[in-house]
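Remarks on the structure that follows.
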Amino acid sequence: MNFQIKPTSEFKTLSLPAAFEFLQSTENGLSEPSVKERLSFFGRNEISEKKKSPVIEFLRRYWGPMPWLLELAMALSFILAHELDAIIIFVLLTINAIIGFLHARGSQKAVDLLKQRLAIKAKVLRDANWTTEDAGGIVPGDVLLVKLGDIIPADAKIITGDLSIDESALTGESLPVEKQVSDVVYSGAVVRRGEARCIAINTGSNTYFGKTAELVKIAKPKSHQEEIMMAIVKYMMYLGIVASLVVAVFAFTMHVTILLILTFILVFLMGAVPVALPAVMTIVQAATAMTLVREGVLVTRLDSIEDAASISVLCLDKTGTITENELAVRDSVPSSGFSGDDVIRAAVLASRAEGMDLIDLAIIHCAKDRGIDLNSHRQISYTPFNPAIKRTEAVVEAEGRRYRVVKGAAQVILAMCKGVDGQTLAEVDEKIKAFSQKGYRTLAVAQSVNGDPEDLKLTGLIPLADPPRPDAKRMIEEIRELGVKPIMLTGDALPIAREVAGQVGIGTNIIRLSDLEGLSEDEQARKAASSDGFAEIYPEDKYRIVKLLQSKGYLVGMTGDGVNDAPALKQAEMGIAVSNSTDVAKASASVVLTQPGVSVIVDAIKRSRETYQRMLTWVINKVTKVIQVVGLLTIGFFMMDKMVLSLLGMSLLVFANDFVTMSVATDNVTHTVAPNSWNVKNITLASLIVGALLVVEGIIAVVWGANYLHLSFAHLRTLVMLMLVFTSQFRVLVVRERSFFWNSVPGKALIASSVGATIAFVLLGVYGGIVPSLKLIQVLAVLAFSAIFTLMMDFPKYYAFRKFGVN
């Protein structure tokens, strides 16, 4: 047979006979040979994904600009017979690789969970017999039977029967959708009421659900962490390469051996490359992640913690994030002669909890909240909702008399009531119109009077809607206070979107995606950013809106709970899945809320900005150290005709500065009131001022040791190493504060690590062992000199930070 694929949307306008003809099927279903033939053409009804080798993924961690630099340093160490240095560098590189690998293996979880969602059973008509088959084996043309509680296994077109289905996880539409003969139903939707025979029209990645999976696979935010790291490496390497070339040329003119020149280059490389930067970023982020876990926030992608500090736009999915994703009675409007409780009581008596109908459950819940007494009423008979008559009804007995109650579509119930004059009808129509403008669905309730079941009188109206979460409005206010603009995204109609957005304080400037048509990409991004939200959008639209904002430099947060949100959640710098999210939404998000409510989103943003401050401290400390070390080694070489720091001394300094100062991960910091951004150029310039003055400190130490203490060159190297190590411990206490260092108390871990490192190197300086030892008085003098000079640097630091906007 010659099979073809037609988009699901095109089947909506196709008649049933035409659909059967296109799919080459009949109402008696397919034969087994035909199924096998179709499986070979269409493939299985599942999401395909290319598997990646974990071994190759791990080995890729040793490939890239930063690993290359470290590997070059390792090679030079072996050439120079400095095996210990090479081993130290390799251990550091491997630690970085392991940490990165362990936190990157979850990138395909979303697709795996989509496959699990499709791994359901379905009733299929094969060879004129009904069988239960794995949904993965369904093909276009199969005839399916779906009923209450079933997950629809493929995009399908209804042949017979009527359904009420929940598409909220797919489209964001919070209200159940009625489907009748010839209508299209989507894979992944849940049947809430009814039973229907359908013909499968698309399967696997060709379904509406599968297209969402394809978007999840390709969605990937730009790695801002990687950009920052490479920018820092770039600036540091510029400095290191220039210095090493100058020294190498000068050494060559002095007829220094090639091996010695290679030693100089290696020392400069070790001083310039931020060896521990990837590990430090991961540890800082992991520490924040542990804090967030205690606050009800689970972080699944660590780099999103840092990215969240810079988020300037937060896209909020309406259904399930701003609202509760549950229908609720908004009011009860009685007719003359009845009370509001009478309306709810009659509606409850025309409902049944066992049917799990969302509208019935909302009315029953309202009656319980109001404490309405139903003990004296007994339901004698009940007729469930039928789309053909658009109502439910029941016969009720109370106080020895029987009467009839009906509830359903307002126009249908009104037409059944007797004695409704034109004025009453106009008043009811006006109320229904007012509710509709707010996005409410309005039901009418009537009951019989005078003992005649056909003599129905209008009891009242019940508007229903998906109410906002209790904490949503306060959360929006706090987000604005943090300098972040909230934008609401929803598949609901424009009136509903405007009503909800207005209630929670987002604003009423809600637009449709069609309003962007005909505009340039730049104008689209500007209009999107200036709006308060979008209504009537689909999954690919949410993904497109996030991408559009990102294309113009906005860092975007996205919240959601359904399958339809998964692509946008994965694409956003910070994708946030609320507590009642579908599994695929949780797997796609970088942050998952483990407790009800969304107010913890604000806490997540605050914690992320604290993470930024800690990471900024480490980077500034590292950059100033590189400037100090490279500058001192260069000038020291011209002064002494030798390197004033040995390879082993450099290795010890790397440990003391880069790894001891990892304790900034738990340092005491204060978040900013505006989004943060990494301006690497300005950070480098501000650090240059501090670093240059520290170079002066180093030169003073060299002159003092050589000319006043008359140390041998080997002992002078120990003095220089100690001075650099002690300075690094005091320097971090200075640069951790954007104001003066005494404005806040350092964290306990930072104090402990600095004190510990200082004591360890005092002992090393006095007792030696792996380096030539100095006298105790000399070591203490170096310690005092480093402390006084470095702490005095706080004043020029404050000026530099203000001038270059480092905050």
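As shown in the structure tokens, the chain order sets the letters A, B, ...; within each chain, residues go from 1, and ligands are also counted from 1 in the order they appear.
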Q.
For the strand (DSSP E) assignment from backbone DSSP, which residues of range 175-374 of chain A qualify? Please present them as JSON, numbers by chain.
A. {"A": [177, 178, 179, 184, 185, 190, 191, 192, 193, 194, 195, 196, 197, 198, 199, 200, 201, 202, 297, 298, 299, 313, 314, 315, 316, 317, 328, 329, 333, 334]}
With a distance cut-off of 7 Å and only C-alpha atoms, select the neighbouring residues of range 299-311 of chain A, excluding the residue or stretch itself and same-chain residues fewer than 3 positions from it, and output the selection as an mmCIF file with C-alpha atoms, in the first residue's frame.
```cif
data_model
loop_
_atom_site.group_PDB
_atom_site.id
_atom_site.type_symbol
_atom_site.label_atom_id
_atom_site.label_comp_id
_atom_site.auth_asym_id
_atom_site.auth_seq_id
_atom_site.Cartn_x
_atom_site.Cartn_y
_atom_site.Cartn_z
ATOM 1 C CA HIS A 224 25.648 31.380 30.165
ATOM 2 C CA GLN A 225 27.884 29.605 32.659
ATOM 3 C CA THR A 282 29.284 23.585 40.603
ATOM 4 C CA GLN A 285 25.480 26.089 42.948
ATOM 5 C CA ALA A 286 25.100 22.728 44.705
ATOM 6 C CA ALA A 289 20.527 23.819 45.687
ATOM 7 C CA VAL A 484 11.512 41.027 37.132
ATOM 8 C CA LEU A 555 17.198 35.970 30.300
ATOM 9 C CA VAL A 556 13.888 34.182 30.722
ATOM 10 C CA GLY A 557 12.288 32.196 33.515
ATOM 11 C CA GLU A 573 17.306 29.724 31.506
ATOM 12 C CA MET A 574 15.257 28.761 34.558
ATOM 13 C CA SER A 590 15.593 22.972 35.841
ATOM 14 C CA VAL A 591 13.723 23.692 39.078
ATOM 15 C CA VAL A 592 10.837 21.661 40.533
ATOM 16 C CA ILE A 605 15.261 34.019 42.611
ATOM 17 C CA SER A 608 20.093 32.571 42.916
ATOM 18 C CA ARG A 609 21.170 36.192 43.368
ATOM 19 C CA THR A 611 24.735 32.514 44.473
ATOM 20 C CA TYR A 612 25.752 35.186 41.979
ATOM 21 C CA PRO A 675 18.667 41.335 38.145
ATOM 22 C CA ASN A 676 22.398 40.624 38.068
ATOM 23 C CA SER A 677 24.528 40.356 34.952
#
```
Q | Those of range 549-697 of chain A in DSSP alpha helix (DSSP H), formatted as a ChimeraX atom specification | A | /A:549-551,566-571,583-588,600-640,647-654,680-697
Q.
Please determine, counting only C-alpha atoms, which residue among A:Glu354, A:Glu57, A:Asp373, A:Glu517 has the shortest atom-to-atom distance to Asp341 in chain A.
A. A:Asp373
Q) Could you name the residues that touch range 435-449 of chain A at 6 Å or less, counting only C-alpha atoms, but leaving out those on the same chain fewer than 6 positions away, as a ChimeraX atom specification? A) /A:403-410,455-465,495-496,499
What's around Gly43 in chain A at 10 Å? Count only C-alpha atoms, leave out sequence neighbours fewer than 5 positions away in its own chain, and write the answer as a PDB file with C-alpha atoms, in the first residue's frame.
```
ATOM      1  CA  LYS A  36       2.720  -4.929  10.301  1.00  0.00           C
ATOM      2  CA  GLU A  37       2.984  -3.115   6.978  1.00  0.00           C
ATOM      3  CA  ARG A  38       2.013   0.193   8.597  1.00  0.00           C
ATOM      4  CA  SER A  48      12.395   7.978  19.207  1.00  0.00           C
ATOM      5  CA  GLY A 136       3.188   1.476  21.127  1.00  0.00           C
ATOM      6  CA  GLY A 137       1.786  -0.902  18.500  1.00  0.00           C
ATOM      7  CA  ILE A 138      -1.079   1.365  17.400  1.00  0.00           C
ATOM      8  CA  VAL A 139      -0.891   2.569  13.775  1.00  0.00           C
ATOM      9  CA  THR A 203       0.919   8.208  15.996  1.00  0.00           C
ATOM     10  CA  GLY A 204       4.334   8.729  17.639  1.00  0.00           C
ATOM     11  CA  SER A 205       6.159  11.932  16.801  1.00  0.00           C
TER      12      SER A 205
END
```
Q: Select, from A:Asn657, A:Ser530, A:Thr94, A:Thr790, the residue with the minimum atom-to-atom distance to Pro274 in chain A, counting only C-alpha atoms.
A: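 Nearest to Pro274 in chain A: A:Asn657.
A straight line drawn from CA of Val703 in chain A to CA of Tyr235 in chain A is 29.1 Å long.
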Q: Would you list the contacts of range 756-759 of chain A as a list in words, taking every protein, DNA or RNA residue within 8 Å and counting only C-alpha atoms, but skipping same-chain residues closer than 6 positions in sequence?
A: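 In the requested format, the answer is Ala656, Val660, Val725, Phe726 and Gln729 of chain A.
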Any chance you could tabulate, as a tab-separated table, the residues of range 744-802 of chain A at most 12 Å from range 638-651 of chain A with each one's nearest atom pair and distance in Å to one decimal, using only C-alpha atoms, in chain and rising number order?
```
residue	atom	partner	partner_atom	distance
A:Phe761	CA	A:Gly649	CA	11.4
A:Leu764	CA	A:Gly649	CA	11.6
A:Gly765	CA	A:Gly649	CA	11.5
A:Ile770	CA	A:Leu648	CA	8.6
A:Val771	CA	A:Gly649	CA	8.1
A:Pro772	CA	A:Gly649	CA	10.9
```
